[in-house]
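What follows is a single structure, written as structure tokens, with notes after it.
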Amino acid sequence: MDGTLGIIVTGVGIFLFLVIVYFAIIAMFYKKVHQGQALVRTGFGGTKVATDKGLYVVPVFHRVETMDISVKKIQIERMGVEGLICKDNMRADIKVAFFVRVNNEVEYIKKVAQTIGVARASRKETLEDLFEAKFSEALKTVGKKFEFIDLYEARREFRDEIVDIIGTDLNGYTLEDCAIDFLEQTSVSHLKPDNILDAEGIKKITDLTAAQNIKANLIKRDEEKVIRKQDVEAREAILELDKQLAEKEEQQKREISNIKSREEAETLKVAEEERLKSETARIATEEKVKVAE
């Protein structure tokens, strides 16, 4: 009985040991994938790709590499003498950001891994080598569809045209989006008068600038006239008020003078009456004296 129990305990121990070893091997050989990455396993069993879980990688039999499938930015610039030529032959200094990544579907990841290599797939230098010429050509093509002012005001339409021309499938990569980072008219100092396109651009810039200067001058002159008119009207109003004030003051002086004159006349009249009374009284007194004598 004790021997049987010992055999059972030994068997259970061996089983548990094998289970632990099994899970340890699984933990050792299982490679997890992080967000924005893909695992590419080659070797025994062919090429396998994992983008959201993981893979078992057995040394000697397998080789595993990590591919960056997150979005990368490629910026295309056309500035100065290389400025983008618009439909009206004006040049635009422009910077456009293109957002590219490896398509996260398994078949495209395999395609990129086989043609480009896992390590090089998402390097900025690799993306520039692959797409800079294509994106630049698309930029020039779409630029010739828009006049400069339209380009400046219709950026969304410009962006949609670029995406339509380039497409979203780029041999295993995908164009997520693009956006204009910078857009201004190229300075005339960078244009070449002996270049027929630049010559037309210079003429249009000159014509537009002259027209705008004339409009600006008319607005300025109108402003000066309005200001002058307002100044004149204000001065006239002030003079009219001064005139009214002077008239009021003169009227008041006359009224005061009249009042003084009336008062003086009244005073003289009272004094004369008093004098006459005194004179009458004196005469009466004298007559009384004479009679008494």
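In the structure tokens, chains take the letters A, B, ... in the order shown, each chain's residues start at 1, and ligands count up from 1 in the order shown.
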
Q: Just the residues within 7 Å of range 132-145 of chain A, please, counting only C-alpha atoms, with nothing from its chain fewer than 3 positions along; format it as a ChimeraX atom specification.
A: /A:76,84-87,128-129,161-162,165-166

(Q) DSSP on the backbone: which residues in range 141-183 of chain A end up as helix (DSSP H, G or I)? Give the answer as a VMD selection string. (A) chain A and resid 141 to 143 148 to 153 155 to 166

Q.
Among range 54-127 of chain A, which residues does DSSP mark as strand (DSSP E) when it is run on the backbone? Keep the chain and numbering as in the structure and answer as a PyMOL selection string.
A. chain A and resi 54-56+62-68+72-78+84-85+91-102

Q | 12 Å contact set for Ala113 in chain A, only C-alpha atoms, chain neighbours under 2 positions out, as number ranges by chain | A | A: 38-42, 47-49, 64-69, 102-103, 106-111, 115-122, 171-173

Could those residues be written to a file, using N, CA, C and O atoms, as a compact mmCIF listing (two decimals), in the first residue's frame?
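Result file is result-v8.txt:
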```
# COMPACT_ATOMS: atom_id res chain seq x y z
N ALA A 38 4.87 45.12 -35.56
CA ALA A 38 4.47 43.81 -36.06
C ALA A 38 5.66 42.87 -35.92
O ALA A 38 6.80 43.28 -36.15
N LEU A 39 5.39 41.63 -35.54
CA LEU A 39 6.44 40.62 -35.47
C LEU A 39 6.45 39.84 -36.78
O LEU A 39 5.40 39.39 -37.26
N VAL A 40 7.63 39.67 -37.34
CA VAL A 40 7.78 38.91 -38.58
C VAL A 40 8.70 37.73 -38.29
O VAL A 40 9.90 37.92 -38.01
N ARG A 41 8.14 36.54 -38.35
CA ARG A 41 8.93 35.33 -38.06
C ARG A 41 9.18 34.57 -39.35
O ARG A 41 8.27 34.31 -40.13
N THR A 42 10.42 34.22 -39.56
CA THR A 42 10.81 33.43 -40.73
C THR A 42 11.49 32.15 -40.27
O THR A 42 11.91 32.02 -39.11
N THR A 47 6.91 32.15 -43.45
CA THR A 47 6.83 33.49 -42.86
C THR A 47 5.49 33.69 -42.15
O THR A 47 4.43 33.44 -42.72
N LYS A 48 5.59 34.10 -40.91
CA LYS A 48 4.40 34.38 -40.12
C LYS A 48 4.46 35.82 -39.60
O LYS A 48 5.54 36.33 -39.30
N VAL A 49 3.29 36.44 -39.50
CA VAL A 49 3.21 37.83 -39.05
C VAL A 49 2.19 37.95 -37.94
O VAL A 49 1.11 37.35 -38.01
N VAL A 64 13.07 36.00 -35.69
CA VAL A 64 11.99 36.97 -35.56
C VAL A 64 12.55 38.39 -35.60
O VAL A 64 13.63 38.66 -35.04
N GLU A 65 11.83 39.28 -36.28
CA GLU A 65 12.20 40.69 -36.36
C GLU A 65 10.97 41.53 -36.04
O GLU A 65 9.83 41.10 -36.27
N THR A 66 11.21 42.73 -35.55
CA THR A 66 10.11 43.65 -35.22
C THR A 66 10.05 44.76 -36.26
O THR A 66 11.04 45.46 -36.50
N MET A 67 8.88 44.92 -36.87
CA MET A 67 8.68 45.97 -37.87
C MET A 67 7.85 47.09 -37.27
O MET A 67 6.81 46.83 -36.65
N ASP A 68 8.30 48.32 -37.46
CA ASP A 68 7.55 49.49 -37.00
C ASP A 68 6.47 49.81 -38.04
O ASP A 68 6.78 50.12 -39.19
N ILE A 69 5.20 49.70 -37.63
CA ILE A 69 4.11 49.98 -38.58
C ILE A 69 3.34 51.23 -38.15
O ILE A 69 2.22 51.46 -38.59
N VAL A 102 3.30 51.42 -42.89
CA VAL A 102 3.13 50.11 -43.50
C VAL A 102 1.69 49.65 -43.25
O VAL A 102 1.18 49.77 -42.14
N ASN A 103 1.04 49.18 -44.31
CA ASN A 103 -0.32 48.67 -44.14
C ASN A 103 -0.30 47.51 -43.14
O ASN A 103 0.50 46.58 -43.25
N VAL A 106 -1.65 41.52 -42.94
CA VAL A 106 -0.56 40.54 -42.96
C VAL A 106 0.11 40.46 -44.33
O VAL A 106 1.34 40.46 -44.44
N GLU A 107 -0.68 40.39 -45.40
CA GLU A 107 -0.10 40.22 -46.73
C GLU A 107 0.79 41.39 -47.12
O GLU A 107 1.85 41.21 -47.75
N TYR A 108 0.41 42.63 -46.70
CA TYR A 108 1.23 43.79 -47.03
C TYR A 108 2.49 43.84 -46.18
O TYR A 108 3.55 44.25 -46.66
N ILE A 109 2.38 43.44 -44.93
CA ILE A 109 3.58 43.40 -44.08
C ILE A 109 4.59 42.41 -44.65
O ILE A 109 5.80 42.68 -44.70
N LYS A 110 4.12 41.26 -45.09
CA LYS A 110 5.01 40.26 -45.72
C LYS A 110 5.66 40.84 -46.96
O LYS A 110 6.87 40.66 -47.19
N LYS A 111 4.86 41.54 -47.75
CA LYS A 111 5.38 42.12 -49.00
C LYS A 111 6.49 43.12 -48.72
O LYS A 111 7.54 43.09 -49.35
N THR A 115 10.46 42.80 -49.75
CA THR A 115 11.02 43.72 -50.75
C THR A 115 11.92 44.81 -50.16
O THR A 115 12.91 45.20 -50.80
N ILE A 116 11.61 45.26 -48.96
CA ILE A 116 12.36 46.35 -48.35
C ILE A 116 13.26 45.87 -47.22
O ILE A 116 14.39 46.33 -47.05
N GLY A 117 12.74 44.91 -46.46
CA GLY A 117 13.45 44.45 -45.28
C GLY A 117 12.79 45.00 -44.03
O GLY A 117 12.37 46.16 -44.01
N VAL A 118 12.72 44.17 -43.00
CA VAL A 118 12.02 44.57 -41.78
C VAL A 118 12.68 45.76 -41.12
O VAL A 118 12.02 46.73 -40.72
N ALA A 119 13.99 45.73 -41.02
CA ALA A 119 14.70 46.80 -40.30
C ALA A 119 14.59 48.14 -41.01
O ALA A 119 14.48 49.19 -40.36
N ARG A 120 14.58 48.13 -42.34
CA ARG A 120 14.57 49.36 -43.12
C ARG A 120 13.15 49.88 -43.41
O ARG A 120 12.99 51.00 -43.86
N ALA A 121 12.14 49.08 -43.15
CA ALA A 121 10.79 49.36 -43.63
C ALA A 121 10.26 50.73 -43.23
O ALA A 121 9.62 51.41 -44.03
N SER A 122 10.51 51.15 -42.00
CA SER A 122 9.91 52.39 -41.51
C SER A 122 10.94 53.46 -41.17
O SER A 122 10.61 54.44 -40.49
N ASN A 171 2.36 49.98 -52.65
CA ASN A 171 3.22 48.79 -52.61
C ASN A 171 3.48 48.30 -51.19
O ASN A 171 4.62 48.07 -50.79
N GLY A 172 2.42 48.14 -50.46
CA GLY A 172 2.55 47.64 -49.09
C GLY A 172 2.43 48.73 -48.05
O GLY A 172 2.19 48.46 -46.87
N TYR A 173 2.61 49.96 -48.47
CA TYR A 173 2.43 51.11 -47.57
C TYR A 173 1.07 51.74 -47.85
O TYR A 173 0.44 51.46 -48.87
```
